[in-house]
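Trainee: For reference, the file protein_38.tsv (TSV, C-alpha atoms) is included below:
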```
chain	number	residue	atom	x	y	z
A	1	MET	CA	-75.87	-16.17	-13.72
A	2	ARG	CA	-75.25	-16.81	-17.42
A	3	SER	CA	-75.12	-20.36	-18.72
A	4	ARG	CA	-71.83	-22.04	-19.55
A	5	ALA	CA	-72.73	-21.88	-23.27
A	6	ALA	CA	-73.39	-18.15	-23.04
A	7	ARG	CA	-70.08	-17.50	-21.26
A	8	MET	CA	-68.23	-19.59	-23.84
A	9	ALA	CA	-69.87	-17.73	-26.73
A	10	ALA	CA	-69.05	-14.33	-25.22
A	11	ALA	CA	-65.41	-15.25	-24.63
A	12	MET	CA	-64.99	-16.54	-28.18
A	13	LEU	CA	-66.56	-13.39	-29.58
A	14	VAL	CA	-64.23	-11.06	-27.68
A	15	ALA	CA	-61.10	-13.02	-28.59
A	16	ALA	CA	-62.05	-13.24	-32.25
A	17	THR	CA	-62.85	-9.55	-32.56
A	18	LEU	CA	-59.36	-8.63	-31.39
A	19	ALA	CA	-57.75	-10.92	-33.98
A	20	ILE	CA	-59.61	-9.82	-37.15
A	21	PRO	CA	-58.18	-7.07	-39.40
A	22	ALA	CA	-60.48	-4.05	-39.57
A	23	GLN	CA	-60.78	-4.20	-43.37
A	24	ALA	CA	-61.92	-7.82	-43.37
A	25	GLN	CA	-64.45	-7.17	-40.62
A	26	SER	CA	-65.76	-4.12	-42.46
A	27	GLY	CA	-66.39	-6.19	-45.58
A	28	PHE	CA	-68.08	-8.87	-43.49
A	29	ASP	CA	-70.33	-6.28	-41.80
A	30	GLY	CA	-71.39	-5.00	-45.22
A	31	TRP	CA	-72.16	-8.55	-46.32
A	32	LYS	CA	-74.31	-9.12	-43.23
A	33	ARG	CA	-76.40	-6.07	-44.05
A	34	ALA	CA	-76.86	-7.23	-47.65
A	35	PHE	CA	-77.65	-10.84	-46.73
A	36	TRP	CA	-80.70	-9.71	-44.81
A	37	ARG	CA	-82.68	-9.60	-48.08
A	38	GLN	CA	-82.02	-13.27	-48.76
A	39	ALA	CA	-82.99	-14.19	-45.22
A	40	GLN	CA	-86.13	-12.09	-45.45
A	41	ALA	CA	-87.13	-13.83	-48.70
A	42	ALA	CA	-86.83	-17.15	-46.86
A	43	GLY	CA	-89.25	-16.01	-44.15
A	44	ILE	CA	-86.84	-14.81	-41.47
A	45	SER	CA	-88.11	-11.88	-39.41
A	46	LYS	CA	-86.04	-8.74	-38.93
A	47	THR	CA	-86.12	-9.32	-35.18
A	48	THR	CA	-84.64	-12.82	-35.53
A	49	TYR	CA	-82.03	-11.68	-38.03
A	50	ASP	CA	-80.85	-8.68	-36.05
A	51	HIS	CA	-80.66	-10.69	-32.84
A	52	ALA	CA	-78.67	-13.49	-34.49
A	53	MET	CA	-76.26	-11.26	-36.41
A	54	ARG	CA	-75.64	-8.53	-33.85
A	55	GLY	CA	-71.94	-8.44	-33.00
A	56	VAL	CA	-71.07	-11.50	-35.08
A	57	THR	CA	-67.48	-11.30	-36.34
A	58	LEU	CA	-65.72	-13.12	-39.13
A	59	ASP	CA	-64.19	-16.40	-37.96
A	60	ARG	CA	-60.87	-16.71	-39.77
A	61	GLU	CA	-60.26	-20.15	-38.26
A	62	VAL	CA	-63.37	-21.43	-40.02
A	63	ILE	CA	-62.19	-19.96	-43.33
A	64	ALA	CA	-58.78	-21.58	-42.86
A	65	LYS	CA	-60.37	-24.99	-42.38
A	66	THR	CA	-61.94	-24.85	-45.85
A	67	ASP	CA	-58.47	-24.93	-47.36
A	68	ASN	CA	-57.02	-27.69	-45.20
A	69	GLN	CA	-55.70	-30.53	-47.32
A	70	ALA	CA	-54.34	-33.69	-45.73
A	71	GLU	CA	-50.73	-34.25	-46.78
A	72	PHE	CA	-51.03	-37.99	-46.33
A	73	VAL	CA	-53.91	-40.35	-47.05
A	74	ARG	CA	-55.31	-42.04	-43.96
A	75	PRO	CA	-56.03	-45.68	-44.76
A	76	VAL	CA	-59.42	-47.01	-43.80
A	77	TRP	CA	-57.80	-49.34	-41.25
A	78	GLY	CA	-56.11	-46.40	-39.53
A	79	TYR	CA	-59.45	-44.62	-39.41
A	80	LEU	CA	-61.14	-47.70	-37.98
A	81	GLU	CA	-58.48	-48.13	-35.32
A	82	ARG	CA	-59.07	-44.57	-34.16
A	83	THR	CA	-62.86	-44.53	-34.33
A	84	VAL	CA	-63.77	-48.06	-33.23
A	85	SER	CA	-61.58	-47.95	-30.14
A	86	SER	CA	-61.93	-50.06	-27.01
A	87	SER	CA	-63.01	-47.00	-25.01
A	88	ARG	CA	-65.69	-46.12	-27.56
A	89	ILE	CA	-66.99	-49.67	-27.47
A	90	GLU	CA	-67.04	-49.71	-23.67
A	91	ASN	CA	-68.70	-46.31	-23.41
A	92	GLY	CA	-71.25	-47.24	-26.08
A	93	ARG	CA	-72.29	-50.38	-24.22
A	94	GLU	CA	-72.76	-48.28	-21.09
A	95	LYS	CA	-74.99	-45.87	-23.06
A	96	LEU	CA	-77.01	-48.77	-24.43
A	97	ALA	CA	-77.71	-49.94	-20.90
A	98	ARG	CA	-78.42	-46.49	-19.50
A	99	TYR	CA	-80.83	-45.46	-22.28
A	100	GLY	CA	-82.35	-48.88	-22.88
A	101	PRO	CA	-85.99	-47.83	-22.28
A	102	VAL	CA	-85.65	-44.80	-24.55
A	103	LEU	CA	-83.97	-46.90	-27.24
A	104	ASP	CA	-86.80	-49.43	-26.97
A	105	GLN	CA	-89.25	-46.68	-27.87
A	106	ILE	CA	-87.06	-45.27	-30.63
A	107	GLU	CA	-86.57	-48.70	-32.20
A	108	LYS	CA	-90.31	-49.34	-32.04
A	109	SER	CA	-91.13	-45.95	-33.58
A	110	PHE	CA	-88.62	-45.92	-36.43
A	111	GLY	CA	-87.47	-49.52	-36.95
A	112	VAL	CA	-83.78	-48.62	-36.87
A	113	ASP	CA	-81.33	-50.85	-35.00
A	114	ARG	CA	-80.42	-49.19	-31.68
A	115	HIS	CA	-76.80	-50.28	-32.01
A	116	VAL	CA	-76.45	-48.31	-35.24
A	117	VAL	CA	-78.07	-45.24	-33.68
A	118	VAL	CA	-75.74	-45.37	-30.68
A	119	ALA	CA	-72.75	-46.05	-32.95
A	120	ILE	CA	-73.50	-42.85	-34.88
A	121	TRP	CA	-73.77	-40.99	-31.58
A	122	GLY	CA	-70.35	-42.31	-30.64
A	123	MET	CA	-68.83	-41.47	-34.01
A	124	GLU	CA	-70.27	-37.97	-34.20
A	125	SER	CA	-69.68	-36.62	-30.69
A	126	SER	CA	-68.14	-39.38	-28.56
A	127	TYR	CA	-71.53	-39.78	-26.89
A	128	GLY	CA	-71.78	-36.03	-26.24
A	129	ALA	CA	-68.29	-35.50	-24.83
A	130	VAL	CA	-67.33	-33.23	-27.74
A	131	LEU	CA	-70.13	-30.81	-26.85
A	132	ASP	CA	-68.13	-29.74	-23.77
A	133	ASN	CA	-64.96	-29.07	-25.78
A	134	ASP	CA	-64.59	-25.32	-26.18
A	135	LYS	CA	-61.84	-25.82	-28.76
A	136	ILE	CA	-64.22	-27.64	-31.12
A	137	MET	CA	-67.64	-26.20	-30.45
A	138	ARG	CA	-68.36	-22.69	-31.69
A	139	SER	CA	-71.30	-20.46	-32.61
A	140	VAL	CA	-73.19	-22.05	-35.52
A	141	ILE	CA	-74.42	-18.67	-36.76
A	142	ARG	CA	-70.90	-17.23	-36.77
A	143	SER	CA	-69.41	-20.28	-38.49
A	144	LEU	CA	-72.04	-20.39	-41.23
A	145	ALA	CA	-72.00	-16.64	-41.76
A	146	SER	CA	-68.21	-16.81	-42.18
A	147	LEU	CA	-68.54	-19.62	-44.72
A	148	ALA	CA	-71.32	-17.78	-46.54
A	149	PHE	CA	-69.14	-14.67	-46.82
A	150	ASP	CA	-65.73	-16.13	-47.67
A	151	GLY	CA	-65.93	-19.91	-47.68
A	152	GLY	CA	-64.76	-20.63	-51.22
A	153	ARG	CA	-66.33	-23.89	-52.33
A	154	TYR	CA	-68.32	-23.86	-49.06
A	155	LYS	CA	-69.90	-20.47	-49.77
A	156	LYS	CA	-73.17	-21.79	-51.22
A	157	PHE	CA	-73.36	-24.40	-48.45
A	158	GLY	CA	-72.82	-21.68	-45.84
A	159	ARG	CA	-75.63	-19.49	-47.19
A	160	THR	CA	-78.12	-22.35	-47.39
A	161	GLN	CA	-77.27	-23.61	-43.92
A	162	LEU	CA	-77.27	-20.12	-42.39
A	163	VAL	CA	-80.85	-19.51	-43.51
A	164	ALA	CA	-81.81	-22.93	-42.13
A	165	ALA	CA	-80.11	-22.12	-38.81
A	166	LEU	CA	-82.00	-18.82	-38.58
A	167	LYS	CA	-85.24	-20.76	-39.05
A	168	ILE	CA	-84.30	-22.95	-36.09
A	169	LEU	CA	-83.76	-19.88	-33.91
A	170	GLN	CA	-87.00	-18.34	-35.12
A	171	ARG	CA	-88.92	-21.49	-34.26
A	172	GLY	CA	-87.51	-21.40	-30.72
A	173	ASP	CA	-86.05	-24.90	-30.45
A	174	ILE	CA	-82.78	-23.46	-29.08
A	175	ASP	CA	-81.53	-20.02	-28.07
A	176	LEU	CA	-78.65	-18.24	-29.75
A	177	ALA	CA	-76.09	-19.01	-27.05
A	178	GLY	CA	-76.99	-22.69	-27.06
A	179	MET	CA	-76.74	-23.11	-30.84
A	180	THR	CA	-73.17	-24.39	-30.98
A	181	GLY	CA	-71.60	-26.79	-33.42
A	182	SER	CA	-68.59	-27.73	-35.51
A	183	TRP	CA	-66.78	-25.32	-37.83
A	184	ALA	CA	-69.11	-26.42	-40.65
A	185	GLY	CA	-72.27	-26.02	-38.59
A	186	ALA	CA	-72.91	-29.65	-37.57
A	187	MET	CA	-74.95	-29.50	-34.37
A	188	GLY	CA	-75.78	-31.47	-31.28
A	189	HIS	CA	-75.12	-34.99	-30.05
A	190	THR	CA	-75.50	-36.52	-33.49
A	191	GLN	CA	-74.20	-33.57	-35.53
A	192	PHE	CA	-77.08	-32.55	-37.78
A	193	ILE	CA	-76.48	-29.72	-40.22
A	194	PRO	CA	-79.34	-27.18	-40.08
A	195	THR	CA	-81.17	-28.31	-43.23
A	196	THR	CA	-81.15	-31.93	-42.05
A	197	TYR	CA	-82.32	-30.78	-38.64
A	198	ASN	CA	-85.26	-28.87	-40.13
A	199	ALA	CA	-86.27	-31.85	-42.26
A	200	TYR	CA	-85.86	-34.72	-39.79
A	201	ALA	CA	-85.33	-33.63	-36.16
A	202	VAL	CA	-88.08	-34.77	-33.79
A	203	ASP	CA	-89.30	-33.81	-30.34
A	204	PHE	CA	-89.20	-37.26	-28.80
A	205	ASP	CA	-89.30	-36.24	-25.15
A	206	GLY	CA	-92.48	-34.21	-25.72
A	207	ASP	CA	-91.33	-30.89	-24.28
A	208	GLY	CA	-92.27	-28.91	-27.39
A	209	ARG	CA	-88.70	-28.43	-28.62
A	210	ARG	CA	-86.48	-30.48	-30.91
A	211	ASN	CA	-83.42	-30.19	-28.72
A	212	ILE	CA	-80.56	-32.28	-30.13
A	213	TRP	CA	-78.09	-30.36	-27.92
A	214	GLY	CA	-79.54	-31.09	-24.51
A	215	SER	CA	-82.03	-33.95	-24.93
A	216	ILE	CA	-80.60	-37.43	-25.55
A	217	PRO	CA	-84.02	-38.80	-26.56
A	218	ASP	CA	-84.48	-36.03	-29.13
A	219	ALA	CA	-80.97	-36.48	-30.56
A	220	LEU	CA	-81.14	-40.28	-30.89
A	221	ALA	CA	-84.70	-40.30	-32.19
A	222	SER	CA	-83.81	-37.64	-34.75
A	223	THR	CA	-81.00	-39.84	-36.04
A	224	ALA	CA	-83.34	-42.82	-36.25
A	225	ALA	CA	-85.96	-40.71	-38.04
A	226	TYR	CA	-83.37	-39.62	-40.59
A	227	LEU	CA	-82.18	-43.16	-41.27
A	228	ASN	CA	-85.76	-44.37	-41.49
A	229	SER	CA	-86.62	-41.67	-44.04
A	230	SER	CA	-83.48	-42.57	-45.99
A	231	GLY	CA	-84.74	-46.11	-46.55
A	232	TRP	CA	-83.47	-48.14	-43.61
A	233	GLU	CA	-84.53	-51.79	-43.86
A	234	PRO	CA	-85.60	-53.01	-40.40
A	235	GLY	CA	-84.26	-56.33	-39.21
A	236	LYS	CA	-81.33	-56.30	-41.63
A	237	THR	CA	-77.68	-55.56	-41.08
A	238	TRP	CA	-75.34	-53.23	-43.00
A	239	GLY	CA	-73.14	-55.91	-44.54
A	240	TYR	CA	-71.01	-59.01	-44.00
A	241	GLU	CA	-67.31	-59.67	-43.87
A	242	VAL	CA	-66.58	-62.35	-46.46
A	243	GLN	CA	-63.80	-64.62	-47.71
A	244	LEU	CA	-62.95	-64.53	-51.40
A	245	PRO	CA	-61.77	-67.66	-53.22
A	246	LYS	CA	-58.30	-68.03	-54.71
A	247	GLY	CA	-58.18	-66.48	-58.17
A	248	PHE	CA	-61.22	-64.29	-57.50
A	249	ASN	CA	-62.02	-61.65	-60.12
A	250	TYR	CA	-61.75	-58.39	-58.17
A	251	ALA	CA	-63.09	-56.48	-61.16
A	252	LEU	CA	-66.53	-57.67	-60.04
A	253	GLY	CA	-66.33	-55.02	-57.33
A	254	ASP	CA	-65.32	-52.11	-59.57
A	255	THR	CA	-68.84	-51.07	-60.59
A	256	ARG	CA	-70.47	-51.98	-57.27
A	257	LYS	CA	-73.00	-54.01	-59.15
A	258	LYS	CA	-75.44	-55.68	-56.79
A	259	ARG	CA	-76.00	-59.42	-56.85
A	260	THR	CA	-77.96	-61.62	-54.52
A	261	LEU	CA	-76.01	-63.26	-51.74
A	262	GLU	CA	-76.88	-66.57	-53.38
A	263	GLU	CA	-75.24	-65.38	-56.61
A	264	TRP	CA	-72.14	-64.27	-54.72
A	265	SER	CA	-72.03	-67.67	-53.05
A	266	LYS	CA	-72.01	-69.37	-56.46
A	267	LEU	CA	-68.94	-67.25	-57.28
A	268	GLY	CA	-67.19	-68.80	-54.29
A	269	VAL	CA	-67.73	-65.94	-51.85
A	270	THR	CA	-68.42	-67.17	-48.33
A	271	ARG	CA	-69.21	-65.45	-45.07
A	272	SER	CA	-66.28	-65.25	-42.66
A	273	MET	CA	-65.87	-67.65	-39.74
A	274	GLY	CA	-67.98	-70.29	-41.47
A	275	ARG	CA	-71.26	-68.53	-40.87
A	276	SER	CA	-74.13	-68.55	-43.37
A	277	PHE	CA	-76.08	-65.70	-44.90
A	278	PRO	CA	-79.50	-65.46	-43.20
A	279	ARG	CA	-81.33	-64.27	-46.34
A	280	PRO	CA	-79.69	-65.49	-49.59
A	281	SER	CA	-82.08	-63.32	-51.64
A	282	ASP	CA	-80.71	-60.05	-50.18
A	283	GLU	CA	-78.72	-58.00	-52.69
A	284	ALA	CA	-75.23	-56.70	-52.00
A	285	TYR	CA	-72.13	-55.32	-53.70
A	286	LEU	CA	-68.49	-56.12	-53.04
A	287	LEU	CA	-66.15	-53.75	-51.22
A	288	ALA	CA	-62.48	-54.59	-50.64
A	289	PRO	CA	-60.98	-51.41	-49.12
A	290	ALA	CA	-57.44	-52.85	-48.97
A	291	GLY	CA	-57.60	-55.11	-52.00
A	292	ALA	CA	-56.45	-58.70	-51.64
A	293	ARG	CA	-54.34	-57.94	-48.56
A	294	GLY	CA	-57.23	-57.01	-46.26
A	295	PRO	CA	-60.82	-57.85	-45.35
A	296	ALA	CA	-63.57	-57.89	-47.98
A	297	PHE	CA	-67.25	-57.17	-47.47
A	298	LEU	CA	-70.62	-57.58	-49.12
A	299	MET	CA	-72.59	-54.39	-48.50
A	300	LEU	CA	-76.37	-54.36	-48.17
A	301	LYS	CA	-78.74	-51.42	-48.65
A	302	ASN	CA	-78.38	-50.26	-45.05
A	303	PHE	CA	-74.69	-49.54	-45.67
A	304	ASP	CA	-75.69	-46.94	-48.25
A	305	VAL	CA	-78.33	-45.58	-45.88
A	306	ILE	CA	-75.59	-44.96	-43.30
A	307	LYS	CA	-73.66	-43.14	-46.02
A	308	ARG	CA	-76.50	-40.63	-46.22
A	309	TYR	CA	-75.14	-39.41	-42.89
A	310	ASN	CA	-71.60	-39.13	-44.22
A	311	ASN	CA	-70.89	-40.16	-47.79
A	312	ALA	CA	-67.67	-42.03	-47.13
A	313	ASP	CA	-67.11	-45.79	-47.18
A	314	SER	CA	-64.73	-45.52	-44.22
A	315	TYR	CA	-67.35	-43.73	-42.12
A	316	ALA	CA	-70.14	-46.17	-42.91
A	317	LEU	CA	-67.84	-49.14	-42.32
A	318	ALA	CA	-66.82	-47.69	-38.95
A	319	VAL	CA	-70.45	-47.16	-37.94
A	320	GLY	CA	-71.39	-50.65	-39.03
A	321	HIS	CA	-68.43	-52.28	-37.30
A	322	LEU	CA	-68.90	-50.24	-34.12
A	323	SER	CA	-72.57	-51.23	-34.02
A	324	ASP	CA	-71.57	-54.89	-34.28
A	325	ARG	CA	-69.01	-54.52	-31.49
A	326	LEU	CA	-71.59	-52.79	-29.29
A	327	ARG	CA	-73.88	-55.81	-29.60
A	328	GLY	CA	-71.04	-58.13	-28.64
A	329	GLY	CA	-69.59	-58.99	-32.03
A	330	ASN	CA	-65.94	-59.71	-32.74
A	331	ALA	CA	-63.20	-57.82	-34.52
A	332	PHE	CA	-62.81	-58.48	-38.23
A	333	ALA	CA	-61.68	-62.01	-39.05
A	334	ARG	CA	-58.94	-60.88	-41.40
A	335	ASN	CA	-56.20	-58.41	-40.51
A	336	TRP	CA	-55.55	-55.16	-42.35
A	337	PRO	CA	-52.21	-54.58	-44.15
A	338	ASP	CA	-50.42	-52.47	-41.56
A	339	GLY	CA	-47.61	-50.45	-43.08
A	340	ASP	CA	-49.46	-49.98	-46.36
A	341	ARG	CA	-51.91	-47.27	-47.41
A	342	PRO	CA	-53.76	-45.87	-50.46
A	343	LEU	CA	-51.96	-43.32	-52.63
A	344	ASN	CA	-52.46	-39.57	-52.59
A	345	ASP	CA	-52.95	-37.67	-55.87
A	346	GLU	CA	-49.29	-37.07	-56.62
A	347	GLU	CA	-48.36	-40.66	-55.84
A	348	THR	CA	-51.20	-41.87	-58.05
A	349	LYS	CA	-49.88	-39.78	-60.94
A	350	ARG	CA	-46.44	-41.29	-60.43
A	351	MET	CA	-47.96	-44.77	-60.44
A	352	GLN	CA	-49.96	-44.08	-63.61
A	353	ALA	CA	-46.87	-42.76	-65.40
A	354	LEU	CA	-44.86	-45.83	-64.41
A	355	LEU	CA	-47.63	-48.18	-65.55
A	356	ASN	CA	-47.85	-46.40	-68.90
A	357	SER	CA	-44.06	-46.55	-69.33
A	358	ARG	CA	-44.13	-50.32	-68.76
A	359	GLY	CA	-46.81	-50.98	-71.35
A	360	HIS	CA	-49.82	-51.16	-69.02
A	361	SER	CA	-52.26	-48.57	-70.32
A	362	ALA	CA	-53.40	-46.54	-67.29
A	363	GLY	CA	-54.70	-43.70	-69.46
A	364	THR	CA	-54.34	-40.03	-68.61
A	365	VAL	CA	-51.95	-39.26	-65.76
A	366	ASP	CA	-54.51	-37.37	-63.68
A	367	GLY	CA	-54.21	-38.76	-60.14
A	368	LYS	CA	-57.63	-40.44	-60.35
A	369	VAL	CA	-58.03	-44.20	-60.05
A	370	GLY	CA	-60.73	-45.20	-62.51
A	371	ASN	CA	-61.52	-48.48	-64.21
A	372	GLN	CA	-58.73	-48.05	-66.80
A	373	THR	CA	-56.11	-47.46	-64.13
A	374	ARG	CA	-57.36	-50.43	-62.13
A	375	ALA	CA	-57.19	-52.61	-65.27
A	376	ALA	CA	-53.60	-51.46	-65.80
A	377	ILE	CA	-52.73	-52.30	-62.20
A	378	ARG	CA	-54.18	-55.78	-62.64
A	379	SER	CA	-52.19	-56.27	-65.82
A	380	TYR	CA	-48.99	-55.38	-63.98
A	381	GLN	CA	-49.92	-57.53	-60.97
A	382	ARG	CA	-50.58	-60.59	-63.13
A	383	ARG	CA	-47.22	-60.17	-64.85
A	384	ARG	CA	-45.52	-59.98	-61.46
A	385	GLY	CA	-47.36	-62.93	-59.94
A	386	MET	CA	-49.32	-60.71	-57.53
A	387	ALA	CA	-53.02	-61.03	-56.68
A	388	PRO	CA	-54.69	-58.92	-59.41
A	389	ASP	CA	-56.89	-56.81	-57.14
A	390	GLY	CA	-56.37	-53.45	-58.88
A	391	PHE	CA	-55.67	-51.72	-55.56
A	392	ALA	CA	-53.52	-48.59	-55.81
A	393	SER	CA	-51.37	-48.80	-52.70
A	394	LEU	CA	-48.01	-47.61	-51.45
A	395	HIS	CA	-46.85	-51.23	-51.57
A	396	LEU	CA	-47.71	-51.34	-55.28
A	397	LEU	CA	-45.96	-48.05	-56.03
A	398	GLU	CA	-42.81	-49.24	-54.28
A	399	ARG	CA	-42.86	-52.41	-56.38
A	400	LEU	CA	-43.26	-50.33	-59.55
A	401	GLN	CA	-40.42	-48.01	-58.62
A	402	GLY	CA	-38.14	-50.94	-57.87
A	403	SER	CA	-38.94	-52.93	-60.97
```
Any chance you could put this one into structure tokens?

Mentor:
Amino acid sequence: MRSRAARMAAAMLVAATLAIPAQAQSGFDGWKRAFWRQAQAAGISKTTYDHAMRGVTLDREVIAKTDNQAEFVRPVWGYLERTVSSSRIENGREKLARYGPVLDQIEKSFGVDRHVVVAIWGMESSYGAVLDNDKIMRSVIRSLASLAFDGGRYKKFGRTQLVAALKILQRGDIDLAGMTGSWAGAMGHTQFIPTTYNAYAVDFDGDGRRNIWGSIPDALASTAAYLNSSGWEPGKTWGYEVQLPKGFNYALGDTRKKRTLEEWSKLGVTRSMGRSFPRPSDEAYLLAPAGARGPAFLMLKNFDVIKRYNNADSYALAVGHLSDRLRGGNAFARNWPDGDRPLNDEETKRMQALLNSRGHSAGTVDGKVGNQTRAAIRSYQRRRGMAPDGFASLHLLERLQGS
């Protein structure tokens, strides 16, 4: 009897073949024949290539996803509410207990906090639950081949990752039916793209295969190995929620210049809930994702290491906060500004034009919030008696439009 993964792959292949116009599939088939030379130059055997590419059809759903643009901007607090949910905290604590001995070994081997490793697992695949979702998981080879053929700005990425995925198959860590992932080729419990897998995945359970799809020890250890190689500092956290003094100069956070925690303390910045900083000599930069109306943070080096996994402040903040909640920490001390949000590009252009028209030089109306635009926002905020945080929000735009 075929495995569930094999049955799923076969069903997806049949359904997709029926939906693809003959002309598009013909062009894709020609591209597959031509791409063999690039794969061969990278060390892929003809046997591996033919086996992987046989019957692979163009995935139009993957191509469509490359053009998806969010109509509205999701604020970081909305993202946090969705990702650091009570169920994810509860399930993560259960995983910490269940895999305690394995996490002991992983922590000892790589020096990375187990709570961060498990938080990434929760963020990336809901502790593996996503791997059973046929609507999300699809053939990695098919997805990457589709991107490589017609992925627009993802075309180069698709070609690089496709060759890397073929190397994984050739090595024998996983079979073709089992190599499933997201539409962009992120694989396994902790969603490694193929190049990251080839560079950092480890065989932690000792069975001779680096199996991030079916082996929890391999998946979690691979994540720890990646963070370790990215410069994780053992025994240190990702950052601290802080309180800023009245009249604080928010421009100090614009360049993300690092200062020691002692230097920040001299500027009146204190840790929330009256706690102290354990190592005043540690360096950090200021991040205030919602300006003066929400929490502020001092971010240590490990915050940027987490961003190596996903280069977004919101993602790294969610991982850090989830890791704290998994170890028994509290919610943030300060509330987020519900009902407000950052501006999208068109709204930002409208804001810049309004600032310019009122004598606050925001510069070129380009939809990008740089230092000049933030300085213009602060100028307007000071004139209006608002906290001059330079934060481009819907609340600010509404004030501008009404003034």

Trainee: Identify the residues around (-50.1, -45.8, -62.9) within a radius of 10 Å, measuring from all atoms listed in the file in the coordinates stated by the file, and give them as a PyMOL selection string.

Mentor: chain A and resi 347-358+360-369+372-374+376-377+380+392+396-397+400

Trainee: Just give me the residues with any atom within 6 Å of (-72.2, -33.4, -32.5), file coordinates, counting all atoms listed in the file, written as a list in words.

Mentor: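 The answer, in the requested form, is Glu124, Ser125, Met187, Gly188, His189, Thr190 and Gln191 of chain A.
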
Trainee: My list of candidates is A:Asn371, A:Asn311, A:Ser393, A:Ser403. Which is closest to Pro337 (chain A) when distances are computed with only C-alpha atoms?

Mentor: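 Of A:Asn371, A:Asn311, A:Ser393, A:Ser403, the one nearest Pro337 (chain A) is A:Ser393, counting only C-alpha atoms.
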
Trainee: Quick one, how far is CA of Leu169 (chain A) from CA of Phe35 (chain A)?

Mentor: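 Spanning CA of Leu169 (chain A) to CA of Phe35 (chain A) is a straight-line distance of 16.8 Å.
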
Trainee: Between A:Met137, A:Ala52, A:Val62, A:Ala184, which one has atoms that come closest to Trp213 (chain A), using all atoms listed in the file?

Mentor: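 Counting all atoms listed in the file, the residue closest to Trp213 (chain A) is A:Met137.
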
Trainee: If we count only C-alpha atoms, what is near region 229-232 of chain A at a cut-off of 12 Å, once residues fewer than 3 positions away on the same chain are taken out, given as number ranges by chain?

Mentor: A: 107, 110-113, 116-117, 196, 199-201, 222-226, 235-238, 300-309

Trainee: Can you tell me, as a PyMOL selection string, what residues are no more than 10 Å from Lys95 (chain A) when counting only C-alpha atoms, ignoring any on the same chain fewer than 4 positions away?

Mentor: chain A and resi 89-91+99-100+103+118+121-122+127+326

Trainee: Neighbours of region 82-88 of chain A within 7 Å (all atoms listed in the file; same-chain residues fewer than 2 positions away dropped), as a PyMOL selection string?

Mentor: chain A and resi 78-80+90-92+122-123+318+322

Trainee: Leaving out region 273-276 of chain A and any residue of its chain fewer than 3 positions from it, which residues lie within 10 Å of it when counting all atoms listed in the file, given as a list in words?

Mentor: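 Once the adjacent positions are removed, what remains is Glu241, Val242, Gln243, Ser265, Thr270, Arg279, Pro280, Phe332, Ala333 and Arg334 of chain A.
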
Trainee: Write out, as a PDB file, keeping the file's coordinate frame, the residues just selected, with C-alpha atoms.

Mentor:
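Output saved as result.pdb:
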```
ATOM      1  CA  GLU A 241     -67.310 -59.670 -43.870  1.00  0.00           C
ATOM      2  CA  VAL A 242     -66.580 -62.350 -46.460  1.00  0.00           C
ATOM      3  CA  GLN A 243     -63.800 -64.620 -47.710  1.00  0.00           C
ATOM      4  CA  SER A 265     -72.030 -67.670 -53.050  1.00  0.00           C
ATOM      5  CA  THR A 270     -68.420 -67.170 -48.330  1.00  0.00           C
ATOM      6  CA  ARG A 279     -81.330 -64.270 -46.340  1.00  0.00           C
ATOM      7  CA  PRO A 280     -79.690 -65.490 -49.590  1.00  0.00           C
ATOM      8  CA  PHE A 332     -62.810 -58.480 -38.230  1.00  0.00           C
ATOM      9  CA  ALA A 333     -61.680 -62.010 -39.050  1.00  0.00           C
ATOM     10  CA  ARG A 334     -58.940 -60.880 -41.400  1.00  0.00           C
TER      11      ARG A 334
END
```

Trainee: Which is closest to Ser281 (chain A) among A:Glu94, A:Asp205, A:Glu263, A:Asp59, if we use only C-alpha atoms?

Mentor: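 Answer, going by the shortest atom-to-atom distance: A:Glu263.
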